[in-house]
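Asker: First the structure, which I've put down as structure tokens, then a few questions once you've had a look.
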Number of protein chains: 2
Amino acid sequence: MQQLTVDLGDRSYPIFIGEGCLDATPSYLPYIAGEQVCIVTNDTLAPLYLSRVQKVLEGKKVTAVILPDGEAHKHFGTLNLIFDHLLAKKHNRKTTLIALGGGVIGDMTGFAAACYQRGVDFIQVPTTLLSQVDSSVGGKTGINHPLGKNMIGAFYQPKAVVIDTQVLSTLPAREISAGMAEVIKYGLLGDAPFIDWLESNMAALMALEPSALAYAIYRSCENKARIVAQDEREGDVRALLNLGHTFGHAIETQMGYGQWLHGEAVGAGMAIAAEVSHRSGWISDTDLARVHRLLAAASLPTAAPASMTVDQFLEHMAVDKKVLDGRLRFVLLRRLGQAFTTSDVPVALVQDVLVKSIAKGLVGPG
Amino acid sequence: MQQLTVDLGDRSYPIFIGEGCLDATPSYLPYIAGEQVCIVTNDTLAPLYLSRVQKVLEGKKVTAVILPDGEAHKHFGTLNLIFDHLLAKKHNRKTTLIALGGGVIGDMTGFAAACYQRGVDFIQVPTTLLSQVDSSVGGKTGINHPLGKNMIGAFYQPKAVVIDTQVLSTLPAREISAGMAEVIKYGLLGDAPFIDWLESNMAALMALEPSALAYAIYRSCENKARIVAQDEREGDVRALLNLGHTFGHAIETQMGYGQWLHGEAVGAGMAIAAEVSHRSGWISDTDLARVHRLLAAASLPTAAPASMTVDQFLEHMAVDKKVLDGRLRFVLLRRLGQAFTTSDVPVALVQDVLVKSIAKGLVGPG
């Protein structure tokens with residue numbers, strides 16, 4: 001079992017990575033302050049892992065909430081099921097929530113922890129590649145609104161993150177790809193040697209080769225932890241983590257949450273961001289091709305959905321959280337392994353890139 | 001115009017108190033970072049004050065949400081009207097919300113600010129005595145849940161608090177009394193000289209004599225600001241502010257939010273807490289009588305509702321946020337002007353005090 005620390009002063013916390021940490025007492029007990037624990041999971045994962053986590057918490061007063069599975073349920077109605085349960089079971093403000101699941105469970109449970117009685121502790125136990133390398137680390141929590149993704153939420157840090165690489169063996173191939181989008185993102189935005197490594201090892205990763213997976217997850221978390229420690233609440237540094245996300249969120253919102261997986265939309269979004277970087281004169285033809293090749297090797301889309309219009313993109317991007325005082329803000333690539341934020345991209349250039357990306361005629365993943 | 005500061009390091013903020021600060025540019029503009037502003041108010045207050053606040057913000061892009069009036073609306077459905085509006089009007093994360101109203105508007109707007117795009121700025125403009133002396137200061141925000149009051153929320157500090165004493169002239173007498181409960185609370189919990197002052201000046205306060213009101217509000221805010229600066233997130237010090245609230249919340253929950261006003265329930269709750277303090281041997285007959293007399297002088301209830309049972313009290317108190325690991329925690333009076341928290345009160349003693357309080361046969365205010 002390896003261990004990383006997210007360094008945030010008195011809110012610092014450990015990330016445990018390895019095979020079997022799901023069942024290891026030291027991953028949990030030092031981070032549970034009271035007697036009460038509530039495990040939040042979904043109806044797909046409960047049969048697989050719930051009893052294992054309950055077993056490791058023997059001696060605590062443990063209850064469980066089982067939510068419906070899927071991004072389509074990441075809204076207030078589902079969040080409220082957690083509150084209903086916590087109140088019905090009389091959980092007090094010393095309780096600890098455990099998010100056992102992917103990004104949807106992690107984001108909703110974290111937000112429930114942020115709001116329940118104005119804040120209780122929580123532990124992330126991410127069970128998808130995407131949540132292991134991205135959403136479980138860094139304290140972004142929230143729910144969707146019909147008019148925008150993650151529009152209601154909080155910055156709220158967990159007490160610990162428990163990443164068991166073994167659980168990925170039951171994950172559908174599409175979700176491995178979706179997670180790989182965020183792994184590739186860390187290379188593109190700030191870790192050029194990691195891009196080289198990914199180009200050499202993508203086949204092993206897609207085959208779920210254990211040591212390759214563990215390395216990619218560790219390195220992704222290390223990159224994320226460094227960025228979050230520098231900038232917890234998304235100033236300029238943390239904004240780099242949104243590479244591909246402005247376009248990606250527009251795709252998710254338009255296509256309906258869950259039709260395109262988040263990682264798939266981010267894959268397409270990174271392809272578009274790379275095109276904009278190329279057209280703006282930052283990256284070469286060769287580098288653009290490398291980005292596309294790496295995304296394709298991870299079975300990710302490299303273009304916008306054929307059914308979307310440029311106006312739909314612009315409309316959704318105008319309510320994106322990254323928009324400030326009406327100006328679209330983009331994360332672009334200065335070179336492979338170095339991203340930057342800018343509001344100085346001509347709208348006409350973005351429109352043209354989108355027209356061409358849409359024209360590739362991608363019907364969509366899945 | 002007087003000014004106080006709530007001292008919370010880089011989250012410190014000013015409280016402006018005086019006649020006319022509602023219309024004063026310096027109360028707002030230095031605390032608005034961006035171009036967008038959203039005023040949140042209710043259908044009772046909008047005709048009275050909305051255009052005045054809009055006028056003082058001329059030059060900003062100002063929108064307004066008008067919510068239904070009353071504690072019965074302090075739930076997620078109403079909160080969501082704020083989110084719907086902010087998203088429909090494309091407010092970005094540099095927007096500033098202005099809470100123009102009483103405690104319900106302040107708590108909901110503050111919570112909306114805490115959650116919208118994971119946190120935007122807000123300014124409190126409290127228009128009731130209760131919110132001026134209590135809920136607008138200190139950063140407690142939230143909404144009610146059918147199983148408990150303020151169970152969903154956040155600690156989230158405003159950028160400024162603007163208290164115009166003139167607005168109290170339109171407040172119903174019942175709401176003046178309700179606010180006076182919190183004023184009396186500051187005396188009882190930690191400011192003995194203020195109790196003496198209140199005993200001499202309650203008639204003037206109830207007659208809305210301007211200089212008496214301004215002094216009582218300033219001194220209340222001063223007490224609250226000092227306590228919040230010592231303990232922002234409700235450890236032992238801030239818990240003293242809950243004097244009367246454990247019993248009070250049980251009354252509100254049982255009787256239905258809004259039937260008993262919050263301050264009325266706190267008044268009854270303080271009477272009960274004083275009885276428990278007396279029965280536990282802390283305060284004398286004379287002091288208990290002083291507490292009852294002061295509450296009565298403010299036209300506040302001094303006993304539990306006749307229609308409630310002891311079991312209903314205990315049931316509601318068991319889910320109160322102040323309950324830790326199953327033990328009821330009370331704020332009691334060691335003497336007038338000095339409160340303390342304790343979990344060491346025999347349940348039988350509390351039951352007996354409640355039986356006697358209920359037996360007084362209070363049908364209820366209003």
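In the structure tokens, each chain is lettered A, B, ... as it comes, each chain's residues begin at 1, and ligands are numbered from 1 in order of appearance.
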Extract, using only C-alpha atoms, all DNA, RNA and protein residues at most 9 Å from segment 198-207 of chain A, discarding same-chain residues fewer than 5 positions from it, and format them as a list in words.

Answerer: Ala173, Ile176, Ser177, Met180, Val183, Ile184, Gly187, Pro193, Ala212, Leu213, Ala216, Arg290, Arg293, Leu294, Ala297, Ala298 and Ser299 of chain A

Asker: Please, which residues of segment 172-357 of chain A, numbered as in this document, come out helix (DSSP H, G or I) from DSSP, as a VMD selection string?

Answerer: chain A and resid 173 to 190 192 to 206 210 to 230 236 to 242 245 to 255 262 to 279 285 to 297 310 to 318 347 to 357

Asker: Report the distance between atom CA of Thr302 of chain A and atom CA of Val353 of chain A in Å, rounded to one decimal place.

Answerer: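 Between atom CA of Thr302 of chain A and atom CA of Val353 of chain A the gap is 12.6 Å.
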
Asker: Using DSSP on the backbone coordinates, identify all residues within segment 26-268 of chain A classified as strand (DSSP E or B); present the result as an MDAnalysis selection string.

Answerer: chainID A and resid 36:42 58 60:67 96:101 116 121:126 140:145 148:155 160:164 257 260

Asker: Pull C-alpha atoms from the residues just selected and write them as a CSV table (one decimal), in the first residue's frame.

Answerer:
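Wrote it out as selection.csv, contents follow:
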chain,number,residue,atom,x,y,z
A,36,GLN,CA,-21.5,6.7,14.2
A,37,VAL,CA,-20.7,5.9,10.5
A,38,CYS,CA,-23.0,6.1,7.5
A,39,ILE,CA,-21.9,4.3,4.3
A,40,VAL,CA,-23.4,5.9,1.1
A,41,THR,CA,-23.2,3.7,-2.0
A,42,ASN,CA,-25.4,2.6,-4.9
A,58,GLU,CA,-17.1,-3.6,13.1
A,60,LYS,CA,-18.8,1.3,15.1
A,61,LYS,CA,-22.5,2.1,14.8
A,62,VAL,CA,-22.8,1.7,11.0
A,63,THR,CA,-25.8,2.4,8.8
A,64,ALA,CA,-26.0,2.4,5.0
A,65,VAL,CA,-27.9,4.3,2.3
A,66,ILE,CA,-28.2,2.7,-1.1
A,67,LEU,CA,-28.9,5.1,-3.9
A,96,THR,CA,-18.6,10.1,9.5
A,97,LEU,CA,-20.0,9.5,6.1
A,98,ILE,CA,-18.2,7.0,3.8
A,99,ALA,CA,-18.6,7.5,0.0
A,100,LEU,CA,-18.3,4.0,-1.5
A,101,GLY,CA,-18.6,4.5,-5.2
A,116,TYR,CA,-25.5,17.9,7.1
A,121,ASP,CA,-16.6,14.3,8.4
A,122,PHE,CA,-16.3,12.0,5.4
A,123,ILE,CA,-14.0,9.4,3.8
A,124,GLN,CA,-13.8,8.8,0.0
A,125,VAL,CA,-13.6,5.2,-1.2
A,126,PRO,CA,-13.6,5.6,-5.0
A,140,LYS,CA,-14.9,19.4,-5.0
A,141,THR,CA,-18.4,18.2,-4.1
A,142,GLY,CA,-21.8,19.0,-5.5
A,143,ILE,CA,-24.9,18.1,-7.5
A,144,ASN,CA,-26.2,19.0,-11.0
A,145,HIS,CA,-28.9,21.4,-11.8
A,148,GLY,CA,-25.7,23.2,-15.5
A,149,LYS,CA,-23.4,20.5,-14.2
A,150,ASN,CA,-22.0,20.7,-10.6
A,151,MET,CA,-23.6,24.2,-10.2
A,152,ILE,CA,-24.6,23.5,-6.6
A,153,GLY,CA,-21.8,22.4,-4.3
A,154,ALA,CA,-19.0,23.1,-1.9
A,155,PHE,CA,-15.3,22.8,-1.5
A,160,ALA,CA,-9.0,10.2,4.0
A,161,VAL,CA,-9.1,8.7,0.5
A,162,VAL,CA,-9.0,4.9,0.2
A,163,ILE,CA,-8.1,3.7,-3.4
A,164,ASP,CA,-8.2,-0.1,-3.9
A,257,TYR,CA,-25.9,13.6,-18.2
A,260,TRP,CA,-21.8,10.5,-22.7

Asker: Residues of chain B within 7 Å of chain A, using only C-alpha atoms, as a PyMOL selection string?

Answerer: chain B and resi 87+90+92-94+115-119+147+151-155+319+321+323-325

Asker: Go ahead and compute the interatomic distance for atom CA of Ser211 of chain B and atom CA of Ser131 of chain B, in Å to one decimal.

Answerer: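 One can read the atom CA of Ser211 of chain B to atom CA of Ser131 of chain B distance as 18.6 Å.
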
Asker: Using only C-alpha atoms for the distances, tell me which of B:Ser51, B:Ser280, B:Ser220, B:Ser12 is nearest to Glu232 of chain B.

Answerer: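 Of B:Ser51, B:Ser280, B:Ser220, B:Ser12, the one nearest Glu232 of chain B is B:Ser12, counting only C-alpha atoms.
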
Asker: How many Å separate atom CA of Ala239 of chain B from atom CA of Leu130 of chain B?

Answerer: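 Value for the atom CA of Ala239 of chain B-atom CA of Leu130 of chain B distance: 18.2 Å.
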